Amino acid sequence: MTDIKALTRENIRSLVPYSSARDEYSGEGAVLLDANENPYNGPINRYPDPHQVELKKRISAIKKVPVSNLFLGNGSDEAIDLLIRAFCEPSRDNILAIKPTYGMYKVCADINGVEYRDVLLDDQFRVNADRLISLSDGHSKLLFLCSPNNPTSNSFEPEAIKELIGRFEGLVILDEAYIDFSTRPSFTLELERHPNLVILQTLSKAWGMAGIRLGMAFAVKEIIDILNRIKYPYNISLLTQQTALKSLSYVAAKEKWVKNILEQRKLLQQKLSRFAIVKDILPSDANFLMVRFDDPKSVFDFLIGRKIIVRDRSRVALCNGYLRITVGSAEDNMLLINALNDFSSVQSSRIPKMQHP
């Protein structure tokens with residue numbers, strides 16, 4: 001059994017959290033003279049609920065996870081940063097991760113002065129549990145695993161994930177930002193079995209709310225209590241809470257968006273595979289495709305000229321030649337295909353014709 005208290009930094013264990021006015025009173029219909037707020041310009045003159053009670057109830061009902069196992073942050077990045085600050089002693093502890101993966105794990109580790117140890121995926125973009133665990137020592141506190149992975153777009157085998165959760169002596173942070181587009185179920189169903197598991201999800205992808213910056217962390221109550229203790233008091237604004245509550249009412253719309261994206265992902269992959277300039281398309285469990293081109297820079301620059309923006313991942317480990325293409329609307333995707341048709345025509349016209357005697 002993982003000892004969460006022993007993993008936690010000593011200063012965090014003894015920390016007395018800030019108590020805000022809204023911690024001490026959260027009722028409605030009162031004359032509020034306790035928080036030095038402006039009495040005018042309601043409702044945004046009031047500080048937001050620091051515990052996001054109503055929003056957490058809505059998310060709990062959708063995700064089938066108790067409120068006590070849910071933390072809300074300013075994007076998943078806040079949860080990533082807080083986990084490192086809560087459990088990793090700067091200049092002493094270390095973090096394990098795969099490579100390539102989401103870049104903010106290393107950025108947050110570097111900001112917090114925590115050593116970051118990563119291991120390459122294999123040539124099929126699979127994780128090797130033995131190699132990853134071999135990097136650990138008595139100061140390894142967190143292991144980050146993104147599945148479906150960004151940028152490789154694949155999900156890892158559930159048994160490999162369970163093996164890492166079982167063998168690693170710290171916390172395993174499973175980032176499921178793209179889980180709604182995967183054929184594999186979320187590990188939120190496994191929370192009760194694994195007290196050292198933290199699952200990250202987001203409203204940015206399937207729910208179409210990237211602009212409000214709202215991320216979720218699911219874990220045992222002991223870990224959630226620690227994150228709530230060290231977060232800033234009003235980390236989720238009133239406007240964000242209101243917008244999320246409204247959008248989360250439209251579950252059917254979200255499911256339709258996901259269905260459309262999955263259909264478009266399949267069509268886009270089929271159309272892209274017909275181009276001679278395309279050399280590989282990785283299987284995807286996400287809302288994007290990793291596509292390898294003969295000359296990715298020329299393709300990228302040509303698309304930029306058409307105001308079609310994709311992401312060149314050629315400098316990322318194991319991703320040389322790959323452009324990351326988000327699955328857009330049917331109209332967006334057709335504009336992309338038409339542009340690639342034009343690029344292919346230009347390239348063909350530049351190939352010198354064989355001269356016959």
# chains A, B, ... in the order shown; residues from 1 in each chain; ligands from 1
call {"tool": "residues_around", "arguments": {"residues": "region 245-262 of chain A", "least_positions_apart": "4", "cutoff": "7 Å", "atoms": "only C-alpha atoms", "output": "MDAnalysis selection string"}}
result
chainID A and resid 55 181 206:207 241 266 287 327
call {"tool": "select_by_dssp", "arguments": {"residues": "region 152-213 of chain A", "states": "strand (DSSP E or B)", "output": "MDAnalysis selection string"}}
result
chainID A and resid 171:175 197:202
call {"tool": "atom_distance", "arguments": {"atom1": "CA of Lys57 (chain A)", "atom2": "CA of Gly208 (chain A)"}}
result
19.9 Å
call {"tool": "residues_around", "arguments": {"residues": "Leu72 (chain A)", "least_positions_apart": "3", "cutoff": "7 Å", "atoms": "only C-alpha atoms", "output": "PyMOL selection string"}}
result
chain A and resi 214-217
call {"tool": "select_by_dssp", "arguments": {"residues": "region 157-255 of chain A", "states": "alpha helix (DSSP H)", "output": "number ranges by chain"}}
result
A: 158-167, 221-230, 238-247, 251-255
call {"tool": "write_last_selection", "arguments": {"atoms": "C-alpha atoms", "output": "PDB file, in the first residue's frame"}}
result
ATOM      1  CA  PRO A 158      -3.741  -1.442 -20.173  1.00  0.00           C
ATOM      2  CA  GLU A 159      -1.566  -4.261 -18.815  1.00  0.00           C
ATOM      3  CA  ALA A 160       1.582  -2.167 -19.332  1.00  0.00           C
ATOM      4  CA  ILE A 161      -0.031   0.736 -17.475  1.00  0.00           C
ATOM      5  CA  LYS A 162      -1.137  -1.537 -14.623  1.00  0.00           C
ATOM      6  CA  GLU A 163       2.358  -3.009 -14.411  1.00  0.00           C
ATOM      7  CA  LEU A 164       3.855   0.461 -13.979  1.00  0.00           C
ATOM      8  CA  ILE A 165       1.249   1.407 -11.371  1.00  0.00           C
ATOM      9  CA  GLY A 166       2.007  -1.780  -9.453  1.00  0.00           C
ATOM     10  CA  ARG A 167       5.800  -1.605  -9.641  1.00  0.00           C
ATOM     11  CA  LYS A 221      -9.105  11.656  -1.238  1.00  0.00           C
ATOM     12  CA  GLU A 222      -5.758  11.952   0.535  1.00  0.00           C
ATOM     13  CA  ILE A 223      -4.042  13.190  -2.632  1.00  0.00           C
ATOM     14  CA  ILE A 224      -6.945  15.495  -3.575  1.00  0.00           C
ATOM     15  CA  ASP A 225      -6.854  17.049  -0.086  1.00  0.00           C
ATOM     16  CA  ILE A 226      -3.158  17.845  -0.535  1.00  0.00           C
ATOM     17  CA  LEU A 227      -3.761  19.537  -3.906  1.00  0.00           C
ATOM     18  CA  ASN A 228      -6.627  21.583  -2.448  1.00  0.00           C
ATOM     19  CA  ARG A 229      -4.439  22.597   0.469  1.00  0.00           C
ATOM     20  CA  ILE A 230      -1.703  24.119  -1.695  1.00  0.00           C
ATOM     21  CA  LEU A 238     -16.542  32.644 -11.618  1.00  0.00           C
ATOM     22  CA  LEU A 239     -16.817  33.007 -15.404  1.00  0.00           C
ATOM     23  CA  THR A 240     -15.011  29.711 -15.943  1.00  0.00           C
ATOM     24  CA  GLN A 241     -17.259  27.912 -13.472  1.00  0.00           C
ATOM     25  CA  GLN A 242     -20.418  29.356 -15.028  1.00  0.00           C
ATOM     26  CA  THR A 243     -19.325  28.553 -18.584  1.00  0.00           C
ATOM     27  CA  ALA A 244     -18.335  25.007 -17.675  1.00  0.00           C
ATOM     28  CA  LEU A 245     -21.612  24.371 -15.851  1.00  0.00           C
ATOM     29  CA  LYS A 246     -23.585  25.537 -18.868  1.00  0.00           C
ATOM     30  CA  SER A 247     -21.541  23.562 -21.415  1.00  0.00           C
ATOM     31  CA  VAL A 251     -23.653  15.935 -23.003  1.00  0.00           C
ATOM     32  CA  ALA A 252     -25.442  14.851 -26.191  1.00  0.00           C
ATOM     33  CA  ALA A 253     -23.757  17.654 -28.160  1.00  0.00           C
ATOM     34  CA  LYS A 254     -20.354  16.621 -26.856  1.00  0.00           C
ATOM     35  CA  GLU A 255     -20.999  13.004 -27.865  1.00  0.00           C
TER      36      GLU A 255
END
